[in-house]
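The data block below is my_file21.pdb; it holds PDB, C-alpha atoms, pLDDT in the B column.
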```pdb
ATOM      1  CA  MET L   1     163.013  61.798-120.617  1.00 49.00           C
ATOM      2  CA  HIS L   2     161.216  61.784-123.908  1.00 53.00           C
ATOM      3  CA  GLY L   3     162.414  65.368-124.594  1.00 54.00           C
ATOM      4  CA  LYS L   4     166.057  64.415-123.988  1.00 50.00           C
ATOM      5  CA  SER L   5     165.818  61.494-126.386  1.00 52.00           C
ATOM      6  CA  ALA L   6     164.323  63.681-129.093  1.00 48.00           C
ATOM      7  CA  ARG L   7     167.072  66.273-128.680  1.00 49.00           C
ATOM      8  CA  PHE L   8     169.716  63.539-128.722  1.00 47.00           C
ATOM      9  CA  ALA L   9     168.242  62.062-131.900  1.00 47.00           C
ATOM     10  CA  LEU L  10     168.074  65.493-133.517  1.00 44.00           C
ATOM     11  CA  ALA L  11     171.710  66.189-132.561  1.00 46.00           C
ATOM     12  CA  ALA L  12     172.756  62.812-133.987  1.00 47.00           C
ATOM     13  CA  VAL L  13     170.952  63.519-137.259  1.00 44.00           C
ATOM     14  CA  LEU L  14     172.547  66.983-137.506  1.00 46.00           C
ATOM     15  CA  ALA L  15     176.011  65.563-136.763  1.00 48.00           C
ATOM     16  CA  ALA L  16     175.542  62.892-139.438  1.00 48.00           C
ATOM     17  CA  ALA L  17     174.441  65.558-141.932  1.00 50.00           C
ATOM     18  CA  VAL L  18     177.486  67.708-141.151  1.00 51.00           C
ATOM     19  CA  VAL L  19     179.836  64.725-141.543  1.00 51.00           C
ATOM     20  CA  ALA L  20     178.187  63.740-144.827  1.00 52.00           C
ATOM     21  CA  ALA L  21     178.354  67.293-146.178  1.00 51.00           C
ATOM     22  CA  THR L  22     181.972  67.708-145.128  1.00 50.00           C
ATOM     23  CA  THR L  23     182.979  64.388-146.636  1.00 49.00           C
ATOM     24  CA  SER L  24     181.304  65.115-149.959  1.00 48.00           C
ATOM     25  CA  PHE L  25     182.736  68.686-150.021  1.00 49.00           C
ATOM     26  CA  ALA L  26     186.257  67.460-149.248  1.00 48.00           C
ATOM     27  CA  GLY L  27     185.975  64.814-151.936  1.00 49.00           C
ATOM     28  CA  ALA L  28     184.821  67.381-154.478  1.00 53.00           C
ATOM     29  CA  GLN L  29     187.743  69.744-153.805  1.00 70.00           C
ATOM     30  CA  GLU L  30     191.069  68.018-153.502  1.00 83.00           C
ATOM     31  CA  ILE L  31     193.863  70.201-152.265  1.00 83.00           C
ATOM     32  CA  PRO L  32     196.996  69.744-154.368  1.00 83.00           C
ATOM     33  CA  THR L  33     200.225  68.669-152.760  1.00 86.00           C
ATOM     34  CA  ALA L  34     202.312  71.748-152.078  1.00 85.00           C
ATOM     35  CA  LYS L  35     205.461  72.230-154.122  1.00 90.00           C
ATOM     36  CA  ILE L  36     207.134  75.197-152.486  1.00 90.00           C
ATOM     37  CA  ALA L  37     209.993  77.516-153.381  1.00 90.00           C
ATOM     38  CA  VAL L  38     211.533  80.236-151.237  1.00 89.00           C
ATOM     39  CA  LEU L  39     212.805  83.544-152.584  1.00 89.00           C
ATOM     40  CA  ASP L  40     214.905  86.256-150.914  1.00 89.00           C
ATOM     41  CA  THR L  41     213.526  89.342-152.661  1.00 88.00           C
ATOM     42  CA  GLN L  42     215.713  91.757-150.694  1.00 88.00           C
ATOM     43  CA  LYS L  43     218.851  89.927-151.837  1.00 90.00           C
ATOM     44  CA  ILE L  44     217.655  90.021-155.444  1.00 93.00           C
ATOM     45  CA  LEU L  45     216.847  93.740-155.320  1.00 92.00           C
ATOM     46  CA  ARG L  46     220.181  94.416-153.637  1.00 93.00           C
ATOM     47  CA  LYS L  47     222.273  92.407-156.109  1.00 95.00           C
ATOM     48  CA  SER L  48     220.491  92.782-159.454  1.00 97.00           C
ATOM     49  CA  THR L  49     222.294  94.855-162.060  1.00 97.00           C
ATOM     50  CA  ALA L  50     219.116  96.744-162.950  1.00 97.00           C
ATOM     51  CA  ALA L  51     218.404  97.757-159.341  1.00 97.00           C
ATOM     52  CA  ALA L  52     222.058  98.737-158.838  1.00 97.00           C
ATOM     53  CA  GLY L  53     221.858 100.847-161.990  1.00 97.00           C
ATOM     54  CA  ILE L  54     218.726 102.562-160.715  1.00 97.00           C
ATOM     55  CA  ARG L  55     220.454 103.399-157.428  1.00 97.00           C
ATOM     56  CA  ASP L  56     223.495 104.754-159.312  1.00 96.00           C
ATOM     57  CA  GLN L  57     221.385 106.939-161.612  1.00 96.00           C
ATOM     58  CA  VAL L  58     219.441 108.383-158.689  1.00 96.00           C
ATOM     59  CA  LYS L  59     222.675 108.932-156.738  1.00 96.00           C
ATOM     60  CA  GLN L  60     224.247 110.811-159.678  1.00 95.00           C
ATOM     61  CA  GLN L  61     221.172 112.983-160.110  1.00 95.00           C
ATOM     62  CA  ARG L  62     221.071 113.648-156.342  1.00 95.00           C
ATOM     63  CA  ALA L  63     224.700 114.873-156.513  1.00 96.00           C
ATOM     64  CA  ILE L  64     223.759 117.239-159.368  1.00 94.00           C
ATOM     65  CA  TYR L  65     220.828 118.566-157.344  1.00 95.00           C
ATOM     66  CA  GLN L  66     222.987 118.976-154.237  1.00 95.00           C
ATOM     67  CA  ASP L  67     225.493 121.050-156.217  1.00 96.00           C
ATOM     68  CA  GLU L  68     222.625 123.185-157.513  1.00 95.00           C
ATOM     69  CA  PHE L  69     221.245 123.665-153.993  1.00 95.00           C
ATOM     70  CA  ALA L  70     224.682 124.524-152.586  1.00 95.00           C
ATOM     71  CA  ARG L  71     225.038 127.228-155.254  1.00 96.00           C
ATOM     72  CA  GLN L  72     221.583 128.601-154.441  1.00 95.00           C
ATOM     73  CA  GLU L  73     222.389 128.548-150.732  1.00 95.00           C
ATOM     74  CA  ARG L  74     225.588 130.550-151.331  1.00 96.00           C
ATOM     75  CA  GLU L  75     223.575 133.078-153.363  1.00 95.00           C
ATOM     76  CA  LEU L  76     220.991 133.344-150.571  1.00 94.00           C
ATOM     77  CA  ARG L  77     223.686 133.890-147.940  1.00 95.00           C
ATOM     78  CA  ALA L  78     225.236 136.653-150.071  1.00 95.00           C
ATOM     79  CA  ALA L  79     221.809 138.243-150.565  1.00 94.00           C
ATOM     80  CA  GLU L  80     221.121 138.066-146.835  1.00 94.00           C
ATOM     81  CA  GLU L  81     224.476 139.722-146.041  1.00 94.00           C
ATOM     82  CA  GLU L  82     223.742 142.466-148.566  1.00 93.00           C
ATOM     83  CA  LEU L  83     220.291 142.977-147.054  1.00 91.00           C
ATOM     84  CA  THR L  84     221.825 143.253-143.584  1.00 92.00           C
ATOM     85  CA  ARG L  85     224.260 145.914-144.877  1.00 92.00           C
ATOM     86  CA  GLN L  86     221.411 147.870-146.490  1.00 91.00           C
ATOM     87  CA  ARG L  87     219.337 147.901-143.329  1.00 89.00           C
ATOM     88  CA  THR L  88     220.916 151.132-142.086  1.00 89.00           C
ATOM     89  CA  ILE L  89     220.650 152.992-145.415  1.00 92.00           C
ATOM     90  CA  LEU L  90     217.140 151.941-146.486  1.00 91.00           C
ATOM     91  CA  SER L  91     213.896 153.331-145.168  1.00 92.00           C
ATOM     92  CA  SER L  92     211.935 150.930-142.976  1.00 91.00           C
ATOM     93  CA  GLU L  93     209.346 150.429-145.773  1.00 94.00           C
ATOM     94  CA  ALA L  94     212.016 149.733-148.399  1.00 92.00           C
ATOM     95  CA  PHE L  95     213.843 147.364-146.051  1.00 92.00           C
ATOM     96  CA  ALA L  96     210.592 145.518-145.228  1.00 93.00           C
ATOM     97  CA  GLN L  97     209.901 145.133-148.966  1.00 95.00           C
ATOM     98  CA  LYS L  98     213.416 143.748-149.602  1.00 93.00           C
ATOM     99  CA  ARG L  99     213.008 141.422-146.628  1.00 94.00           C
ATOM    100  CA  ARG L 100     209.715 140.061-148.074  1.00 96.00           C
ATOM    101  CA  GLU L 101     211.385 139.549-151.456  1.00 95.00           C
ATOM    102  CA  PHE L 102     214.234 137.691-149.779  1.00 94.00           C
ATOM    103  CA  ALA L 103     211.800 135.506-147.799  1.00 95.00           C
ATOM    104  CA  ALA L 104     209.936 134.689-151.037  1.00 96.00           C
ATOM    105  CA  ARG L 105     213.223 133.689-152.645  1.00 95.00           C
ATOM    106  CA  VAL L 106     214.083 131.430-149.700  1.00 95.00           C
ATOM    107  CA  SER L 107     210.633 129.828-149.922  1.00 96.00           C
ATOM    108  CA  ALA L 108     211.073 129.209-153.652  1.00 96.00           C
ATOM    109  CA  VAL L 109     214.411 127.478-153.048  1.00 95.00           C
ATOM    110  CA  GLU L 110     212.878 125.334-150.289  1.00 95.00           C
ATOM    111  CA  ARG L 111     210.009 124.324-152.604  1.00 96.00           C
ATOM    112  CA  GLY L 112     212.562 123.474-155.285  1.00 95.00           C
ATOM    113  CA  VAL L 113     214.444 121.220-152.866  1.00 95.00           C
ATOM    114  CA  GLU L 114     211.227 119.393-151.930  1.00 96.00           C
ATOM    115  CA  THR L 115     210.211 119.071-155.593  1.00 95.00           C
ATOM    116  CA  ARG L 116     213.590 117.595-156.541  1.00 95.00           C
ATOM    117  CA  LYS L 117     213.468 115.166-153.619  1.00 95.00           C
ATOM    118  CA  ARG L 118     209.974 114.045-154.654  1.00 95.00           C
ATOM    119  CA  GLU L 119     211.160 113.630-158.273  1.00 94.00           C
ATOM    120  CA  LEU L 120     214.058 111.428-157.149  1.00 96.00           C
ATOM    121  CA  ASP L 121     211.774 109.299-154.973  1.00 95.00           C
ATOM    122  CA  GLN L 122     209.266 108.876-157.811  1.00 95.00           C
ATOM    123  CA  ALA L 123     211.981 108.060-160.336  1.00 95.00           C
ATOM    124  CA  TYR L 124     213.453 105.435-158.018  1.00 95.00           C
ATOM    125  CA  GLY L 125     210.007 103.945-157.383  1.00 95.00           C
ATOM    126  CA  THR L 126     209.208 103.838-161.104  1.00 95.00           C
ATOM    127  CA  GLY L 127     212.487 102.091-161.855  1.00 96.00           C
ATOM    128  CA  ILE L 128     212.075  99.541-159.073  1.00 96.00           C
ATOM    129  CA  LYS L 129     208.524  98.775-160.250  1.00 96.00           C
ATOM    130  CA  GLN L 130     209.986  97.800-163.623  1.00 96.00           C
ATOM    131  CA  VAL L 131     212.378  95.431-161.869  1.00 96.00           C
ATOM    132  CA  GLU L 132     209.544  94.003-159.744  1.00 95.00           C
ATOM    133  CA  ARG L 133     207.385  93.399-162.846  1.00 96.00           C
ATOM    134  CA  ALA L 134     210.251  91.538-164.520  1.00 97.00           C
ATOM    135  CA  LEU L 135     210.841  89.631-161.289  1.00 96.00           C
ATOM    136  CA  ALA L 136     207.176  88.583-161.111  1.00 95.00           C
ATOM    137  CA  GLY L 137     207.344  87.289-164.695  1.00 96.00           C
ATOM    138  CA  ILE L 138     210.500  85.302-163.951  1.00 97.00           C
ATOM    139  CA  ILE L 139     208.973  83.793-160.817  1.00 95.00           C
ATOM    140  CA  SER L 140     205.858  82.822-162.784  1.00 94.00           C
ATOM    141  CA  ASP L 141     207.936  81.251-165.562  1.00 96.00           C
ATOM    142  CA  LEU L 142     210.074  79.326-163.092  1.00 95.00           C
ATOM    143  CA  ALA L 143     206.996  78.139-161.184  1.00 94.00           C
ATOM    144  CA  LYS L 144     205.491  76.779-164.406  1.00 95.00           C
ATOM    145  CA  GLU L 145     208.772  75.119-165.425  1.00 95.00           C
ATOM    146  CA  ARG L 146     209.311  73.425-162.084  1.00 94.00           C
ATOM    147  CA  GLY L 147     205.707  72.946-161.009  1.00 93.00           C
ATOM    148  CA  PHE L 148     205.831  75.203-157.959  1.00 92.00           C
ATOM    149  CA  ASN L 149     202.389  76.062-156.672  1.00 90.00           C
ATOM    150  CA  LEU L 150     203.609  78.271-153.836  1.00 89.00           C
ATOM    151  CA  VAL L 151     206.550  80.707-153.769  1.00 89.00           C
ATOM    152  CA  LEU L 152     207.252  82.328-150.422  1.00 86.00           C
ATOM    153  CA  SER L 153     209.224  85.521-150.014  1.00 84.00           C
ATOM    154  CA  ARG L 154     211.770  84.781-147.330  1.00 79.00           C
ATOM    155  CA  THR L 155     212.157  88.452-146.520  1.00 72.00           C
ATOM    156  CA  ARG L 156     208.491  89.363-146.205  1.00 56.00           C
ATOM    157  CA  VAL L 157     207.383  86.352-144.158  1.00 51.00           C
ATOM    158  CA  GLN L 158     210.590  85.630-142.322  1.00 53.00           C
ATOM    159  CA  SER L 159     208.788  85.534-138.997  1.00 49.00           C
ATOM    160  CA  VAL L 160     206.387  82.877-140.373  1.00 59.00           C
ATOM    161  CA  VAL L 161     208.950  80.741-142.230  1.00 64.00           C
ATOM    162  CA  LEU L 162     210.981  79.337-139.378  1.00 66.00           C
ATOM    163  CA  TYR L 163     212.929  76.883-141.517  1.00 72.00           C
ATOM    164  CA  ALA L 164     213.342  76.301-145.219  1.00 76.00           C
ATOM    165  CA  ASN L 165     215.699  73.771-146.746  1.00 81.00           C
ATOM    166  CA  SER L 166     218.274  75.568-148.879  1.00 84.00           C
ATOM    167  CA  ALA L 167     217.247  73.396-151.847  1.00 87.00           C
ATOM    168  CA  LEU L 168     213.925  75.293-151.851  1.00 89.00           C
ATOM    169  CA  ASN L 169     215.683  78.664-152.257  1.00 89.00           C
ATOM    170  CA  ILE L 170     215.499  79.806-155.891  1.00 93.00           C
ATOM    171  CA  SER L 171     216.942  83.280-155.272  1.00 92.00           C
ATOM    172  CA  ASP L 172     220.231  82.769-157.116  1.00 94.00           C
ATOM    173  CA  GLU L 173     218.547  81.372-160.215  1.00 95.00           C
ATOM    174  CA  VAL L 174     215.943  84.146-160.201  1.00 95.00           C
ATOM    175  CA  LEU L 175     218.723  86.736-159.820  1.00 95.00           C
ATOM    176  CA  LEU L 176     220.609  85.226-162.765  1.00 96.00           C
ATOM    177  CA  ARG L 177     217.479  85.284-164.951  1.00 96.00           C
ATOM    178  CA  LEU L 178     216.613  88.815-163.864  1.00 96.00           C
ATOM    179  CA  ASN L 179     220.089  90.073-164.774  1.00 96.00           C
ATOM    180  CA  GLU L 180     219.750  88.399-168.178  1.00 97.00           C
ATOM    181  CA  ARG L 181     216.201  89.597-168.859  1.00 96.00           C
ATOM    182  CA  LEU L 182     216.572  93.100-167.443  1.00 94.00           C
ATOM    183  CA  PRO L 183     220.232  94.140-167.289  1.00 95.00           C
ATOM    184  CA  SER L 184     219.397  97.823-166.866  1.00 94.00           C
ATOM    185  CA  VAL L 185     216.563 100.283-166.409  1.00 94.00           C
ATOM    186  CA  LYS L 186     216.593 103.885-167.590  1.00 93.00           C
ATOM    187  CA  VAL L 187     215.295 105.958-164.715  1.00 90.00           C
ATOM    188  CA  PRO L 188     212.929 108.758-165.782  1.00 82.00           C
ATOM    189  CA  LEU L 189     214.694 111.794-164.338  1.00 78.00           C
ATOM    190  CA  ALA L 190     213.819 115.389-165.104  1.00 68.00           C
ATOM    191  CA  GLN L 191     216.382 117.080-167.341  1.00 61.00           C
ATOM    192  CA  ASN L 192     217.668 120.486-166.267  1.00 53.00           C
TER
END
```

Render the structure in this file as structure tokens.
Amino acid sequence: MHGKSARFALAAVLAAAVVAATTSFAGAQEIPTAKIAVLDTQKILRKSTAAAGIRDQVKQQRAIYQDEFARQERELRAAEEELTRQRTILSSEAFAQKRREFAARVSAVERGVETRKRELDQAYGTGIKQVERALAGIISDLAKERGFNLVLSRTRVQSVVLYANSALNISDEVLLRLNERLPSVKVPLAQN
């Protein structure tokens, strides 16, 4: 019995120490009362004038590239038809050489298409990053002005935020400020 009493006393002392440590730690670090705002980032990126301008610039450049690729495709089709006609009049070595040259040309056009697509994706990403940087600054400014200590993105954590009072939603004000601060973004597109 003496062993059980000693273990019980030791457990009681440890429990008291844990409670004392927790109480003094909690007292030393007070958690501030949450002042929360909710933001629909997808709505802002969809409706901001700068983001719309970025999409328009990329769309215009894509149309230019598509015209260029359509022209190259027509040229390749004509070259392929000519090569087919020459098959009967060329020696097998000469035809094989022309066929390799044609294949190299097709490969070059395909690489050009991929390069242009990558350029458009990078240009769009660069433009949107500018909008996101401006957006982050606006959110920070608004948080300081209104004393928010937590801003949740409604879009990114929608499955976690089950309900948010509409008074907490600052999306429209952020969108208004973003359109004022950053009305447009010049997308860095390669010039032909």

Query raised in the report: Around (214.0, 78.4, -150.4) in the file's frame, which residues reach within 8 Å when counting all atoms listed in the file? Return as a list in words?
Result: Ile36, Ala37, Val38, Leu39, Asp40, Leu152, Arg154, Ala164, Asn165, Ser166, Ala167, Leu168, Asn169, Ile170 and Ser171 of chain L

Atoms to include: C-alpha atoms. Write the selected residues as an mmCIF file, keeping the file's coordinate frame.
```
data_model
loop_
_atom_site.group_PDB
_atom_site.id
_atom_site.type_symbol
_atom_site.label_atom_id
_atom_site.label_comp_id
_atom_site.auth_asym_id
_atom_site.auth_seq_id
_atom_site.Cartn_x
_atom_site.Cartn_y
_atom_site.Cartn_z
ATOM 1 C CA ILE L 36 207.134 75.197 -152.486
ATOM 2 C CA ALA L 37 209.993 77.516 -153.381
ATOM 3 C CA VAL L 38 211.533 80.236 -151.237
ATOM 4 C CA LEU L 39 212.805 83.544 -152.584
ATOM 5 C CA ASP L 40 214.905 86.256 -150.914
ATOM 6 C CA LEU L 152 207.252 82.328 -150.422
ATOM 7 C CA ARG L 154 211.770 84.781 -147.330
ATOM 8 C CA ALA L 164 213.342 76.301 -145.219
ATOM 9 C CA ASN L 165 215.699 73.771 -146.746
ATOM 10 C CA SER L 166 218.274 75.568 -148.879
ATOM 11 C CA ALA L 167 217.247 73.396 -151.847
ATOM 12 C CA LEU L 168 213.925 75.293 -151.851
ATOM 13 C CA ASN L 169 215.683 78.664 -152.257
ATOM 14 C CA ILE L 170 215.499 79.806 -155.891
ATOM 15 C CA SER L 171 216.942 83.280 -155.272
#
```

Using only C-alpha atoms, what table do you get, as a Markdown table, when you list each residue of stretch 79-160 of chain L with an atom no more than 10 Å from stretch 62-72 of chain L, its nearest pair of atoms, and their distance in Å rounded to one decimal, rows by chain then rising number?
```
| residue | atom | partner | partner_atom | distance |
| --- | --- | --- | --- | --- |
| L:Arg105 | CA | L:Gln72 | CA | 10.0 |
| L:Val106 | CA | L:Gln72 | CA | 9.3 |
| L:Val109 | CA | L:Gln72 | CA | 7.4 |
| L:Glu110 | CA | L:Phe69 | CA | 9.3 |
| L:Gly112 | CA | L:Phe69 | CA | 8.8 |
| L:Val113 | CA | L:Phe69 | CA | 7.3 |
| L:Arg116 | CA | L:Tyr65 | CA | 7.3 |
| L:Lys117 | CA | L:Arg62 | CA | 8.2 |
| L:Leu120 | CA | L:Arg62 | CA | 7.4 |
```

**Report entry** Sphere at (211.2, 91.7, -161.8), radius 10 Å, counting only C-alpha atoms: residues as a VMD selection string
**Finding:** chain L and resid 41 44 to 45 48 50 to 51 128 to 139 174 to 175 177 to 179 181 to 182

Export, as a PDB file, in the frame of the given file, the selected residues with C-alpha atoms.
```pdb
ATOM      1  CA  THR L  41     213.526  89.342-152.661  1.00 88.00           C
ATOM      2  CA  ILE L  44     217.655  90.021-155.444  1.00 93.00           C
ATOM      3  CA  LEU L  45     216.847  93.740-155.320  1.00 92.00           C
ATOM      4  CA  SER L  48     220.491  92.782-159.454  1.00 97.00           C
ATOM      5  CA  ALA L  50     219.116  96.744-162.950  1.00 97.00           C
ATOM      6  CA  ALA L  51     218.404  97.757-159.341  1.00 97.00           C
ATOM      7  CA  ILE L 128     212.075  99.541-159.073  1.00 96.00           C
ATOM      8  CA  LYS L 129     208.524  98.775-160.250  1.00 96.00           C
ATOM      9  CA  GLN L 130     209.986  97.800-163.623  1.00 96.00           C
ATOM     10  CA  VAL L 131     212.378  95.431-161.869  1.00 96.00           C
ATOM     11  CA  GLU L 132     209.544  94.003-159.744  1.00 95.00           C
ATOM     12  CA  ARG L 133     207.385  93.399-162.846  1.00 96.00           C
ATOM     13  CA  ALA L 134     210.251  91.538-164.520  1.00 97.00           C
ATOM     14  CA  LEU L 135     210.841  89.631-161.289  1.00 96.00           C
ATOM     15  CA  ALA L 136     207.176  88.583-161.111  1.00 95.00           C
ATOM     16  CA  GLY L 137     207.344  87.289-164.695  1.00 96.00           C
ATOM     17  CA  ILE L 138     210.500  85.302-163.951  1.00 97.00           C
ATOM     18  CA  ILE L 139     208.973  83.793-160.817  1.00 95.00           C
ATOM     19  CA  VAL L 174     215.943  84.146-160.201  1.00 95.00           C
ATOM     20  CA  LEU L 175     218.723  86.736-159.820  1.00 95.00           C
ATOM     21  CA  ARG L 177     217.479  85.284-164.951  1.00 96.00           C
ATOM     22  CA  LEU L 178     216.613  88.815-163.864  1.00 96.00           C
ATOM     23  CA  ASN L 179     220.089  90.073-164.774  1.00 96.00           C
ATOM     24  CA  ARG L 181     216.201  89.597-168.859  1.00 96.00           C
ATOM     25  CA  LEU L 182     216.572  93.100-167.443  1.00 94.00           C
TER      26      LEU L 182
END
```

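Across L:Leu189, L:Ala79, L:Ile31, L:Leu176, the tightest approach to L:Gly127 is made by L:Leu189 when counting all atoms listed in the file.
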
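When atom CA of L:Ala52 is paired with atom CA of L:Glu173, their separation reads 17.8 Å.
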
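If you look at atom CA of L:Arg55 and atom CA of L:Ser184, they are 11.0 Å away from each other.
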
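Listed by chain and then by number, the residues chosen by the PyMOL selection byres ((chain L and resi 81-85) around 12) in this file are Arg74, Glu75, Leu76, Arg77, Ala78, Ala79, Glu80, Gln86, Arg87, Thr88, Ile89, Leu90, Ala94, Phe95, Ala96, Gln97, Lys98, Arg99, Arg100, Glu101, Phe102 and Ala103 of chain L.
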
Query - Atom pair atom CA of L:Val187 / atom CA of L:Ser140: separation (Å) - result: 25.1 Å

Query raised in the report: For the file shown, what are the residues hit by the PyMOL selection byres ((chain L and resi 32) around 12), laid out as a PyMOL selection string?
Result: chain L and resi 29-31+33-36+147-150

Give me a file of those residues, with C-alpha atoms, as a compact mmCIF listing (two decimals), in the coordinates of the input.
```txt
# COMPACT_ATOMS: atom_id res chain seq x y z
CA GLN L 29 187.74 69.74 -153.80
CA GLU L 30 191.07 68.02 -153.50
CA ILE L 31 193.86 70.20 -152.26
CA THR L 33 200.22 68.67 -152.76
CA ALA L 34 202.31 71.75 -152.08
CA LYS L 35 205.46 72.23 -154.12
CA ILE L 36 207.13 75.20 -152.49
CA GLY L 147 205.71 72.95 -161.01
CA PHE L 148 205.83 75.20 -157.96
CA ASN L 149 202.39 76.06 -156.67
CA LEU L 150 203.61 78.27 -153.84
```
